[in-house]
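Enquirer: Pasting coords_14.pdb here (PDB, C-alpha atoms):
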ATOM      1  CA  MET A   1      27.662  18.644   2.769  1.00  0.00           C
ATOM      2  CA  HIS A   2      28.862  15.411   1.184  1.00  0.00           C
ATOM      3  CA  SER A   3      27.666  13.217   4.063  1.00  0.00           C
ATOM      4  CA  LYS A   4      24.179  14.770   3.869  1.00  0.00           C
ATOM      5  CA  LYS A   5      23.937  13.752   0.206  1.00  0.00           C
ATOM      6  CA  ILE A   6      24.990  10.173   1.010  1.00  0.00           C
ATOM      7  CA  PHE A   7      22.462  10.033   3.857  1.00  0.00           C
ATOM      8  CA  THR A   8      19.686  11.241   1.538  1.00  0.00           C
ATOM      9  CA  ILE A   9      20.511   8.653  -1.130  1.00  0.00           C
ATOM     10  CA  ALA A  10      20.744   5.871   1.452  1.00  0.00           C
ATOM     11  CA  SER A  11      17.383   6.904   2.917  1.00  0.00           C
ATOM     12  CA  ILE A  12      15.733   6.812  -0.509  1.00  0.00           C
ATOM     13  CA  VAL A  13      17.183   3.362  -1.230  1.00  0.00           C
ATOM     14  CA  LEU A  14      15.980   2.002   2.130  1.00  0.00           C
ATOM     15  CA  MET A  15      12.482   3.457   1.721  1.00  0.00           C
ATOM     16  CA  THR A  16      12.225   2.000  -1.788  1.00  0.00           C
ATOM     17  CA  ALA A  17      13.246  -1.441  -0.528  1.00  0.00           C
ATOM     18  CA  ALA A  18      10.749  -1.250   2.338  1.00  0.00           C
ATOM     19  CA  LEU A  19       7.896  -0.223   0.050  1.00  0.00           C
ATOM     20  CA  SER A  20       8.654  -2.948  -2.483  1.00  0.00           C
ATOM     21  CA  SER A  21       8.550  -5.597   0.227  1.00  0.00           C
ATOM     22  CA  CYS A  22       5.168  -4.256   1.369  1.00  0.00           C
ATOM     23  CA  GLY A  23       3.885  -4.653  -2.172  1.00  0.00           C
ATOM     24  CA  ASN A  24       4.908  -8.293  -2.200  1.00  0.00           C
ATOM     25  CA  THR A  25       3.217  -8.884   1.140  1.00  0.00           C
ATOM     26  CA  ILE A  26      -0.040  -7.296  -0.005  1.00  0.00           C
ATOM     27  CA  ARG A  27       0.040  -9.323  -3.227  1.00  0.00           C
ATOM     28  CA  GLY A  28       0.575 -12.499  -1.195  1.00  0.00           C
ATOM     29  CA  MET A  29      -2.312 -11.631   1.117  1.00  0.00           C
ATOM     30  CA  GLY A  30      -4.542 -11.192  -1.931  1.00  0.00           C
ATOM     31  CA  LYS A  31      -3.561 -14.619  -3.235  1.00  0.00           C
ATOM     32  CA  ASP A  32      -4.196 -16.155   0.195  1.00  0.00           C
ATOM     33  CA  ALA A  33      -7.643 -14.545   0.354  1.00  0.00           C
ATOM     34  CA  ALA A  34      -8.484 -15.835  -3.125  1.00  0.00           C
ATOM     35  CA  SER A  35      -7.359 -19.342  -2.147  1.00  0.00           C
ATOM     36  CA  THR A  36      -9.539 -19.180   0.965  1.00  0.00           C
ATOM     37  CA  VAL A  37     -12.581 -18.179  -1.076  1.00  0.00           C
ATOM     38  CA  ASN A  38     -11.946 -20.982  -3.568  1.00  0.00           C
ATOM     39  CA  ALA A  39     -11.552 -23.547  -0.797  1.00  0.00           C
ATOM     40  CA  THR A  40     -14.750 -22.357   0.897  1.00  0.00           C
ATOM     41  CA  GLN A  41     -16.683 -22.600  -2.361  1.00  0.00           C
ATOM     42  CA  SER A  42     -15.284 -26.057  -3.022  1.00  0.00           C
ATOM     43  CA  ALA A  43     -16.273 -27.221   0.461  1.00  0.00           C
ATOM     44  CA  GLY A  44     -19.761 -25.789  -0.030  1.00  0.00           C
ATOM     45  CA  ASN A  45     -20.110 -27.661  -3.327  1.00  0.00           C
ATOM     46  CA  SER A  46     -18.986 -30.907  -1.661  1.00  0.00           C
ATOM     47  CA  VAL A  47     -21.574 -30.461   1.097  1.00  0.00           C
ATOM     48  CA  ALA A  48     -24.271 -29.716  -1.458  1.00  0.00           C
ATOM     49  CA  LYS A  49     -23.402 -32.866  -3.445  1.00  0.00           C
ATOM     50  CA  ALA A  50     -23.426 -34.981  -0.278  1.00  0.00           C
ATOM     51  CA  ALA A  51     -26.856 -33.644   0.698  1.00  0.00           C
ATOM     52  CA  ARG A  52     -28.447 -34.751  -2.602  1.00  0.00           C
TER      53      ARG A  52
END
Could I get this file's structure written as structure tokens?
Expert:
Amino acid sequence: MHSKKIFTIASIVLMTAALSSCGNTIRGMGKDAASTVNATQSAGNSVAKAAR
């Protein structure tokens, strides 16, 4: 009975750690996407200025 309790607690701790790392990855992907959009807009503005 005691080992089942330890296994349950260890499983919860591991799942929590895995989910928190996924959150950081998703947040990082969002920042990368935002940076890509900003860079694309900046390049478009540079092209527009050069065409004038």
Enquirer: If you measure from CA of Gly44 in chain A to CA of Lys31 in chain A, what distance in Å do you get, rounded to one decimal?
Expert: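 According to the coordinates, CA of Gly44 in chain A and CA of Lys31 in chain A are separated by 19.9 Å.
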Enquirer: Find the smallest box with edges along x, y and z containing every listed atom of range 25-36 of chain A, then add 8 Å on each side and report centre and edge lengths in Å to one decimal, as JSON.
Expert:
{"center_x": -3.2, "center_y": -13.3, "center_z": -1.0, "size_x": 28.8, "size_y": 28.0, "size_z": 20.4}
Enquirer: Any idea what the distance is between CA of Asn24 in chain A and CA of Ile9 in chain A?
Expert: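 So the two atoms, CA of Asn24 in chain A and CA of Ile9 in chain A, lie 23.1 Å apart.
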Enquirer: What is the CA of Gly28 in chain A to CA of Thr16 in chain A distance in Å?
Expert: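 Pair CA of Gly28 in chain A / CA of Thr16 in chain A returns 18.6 Å.
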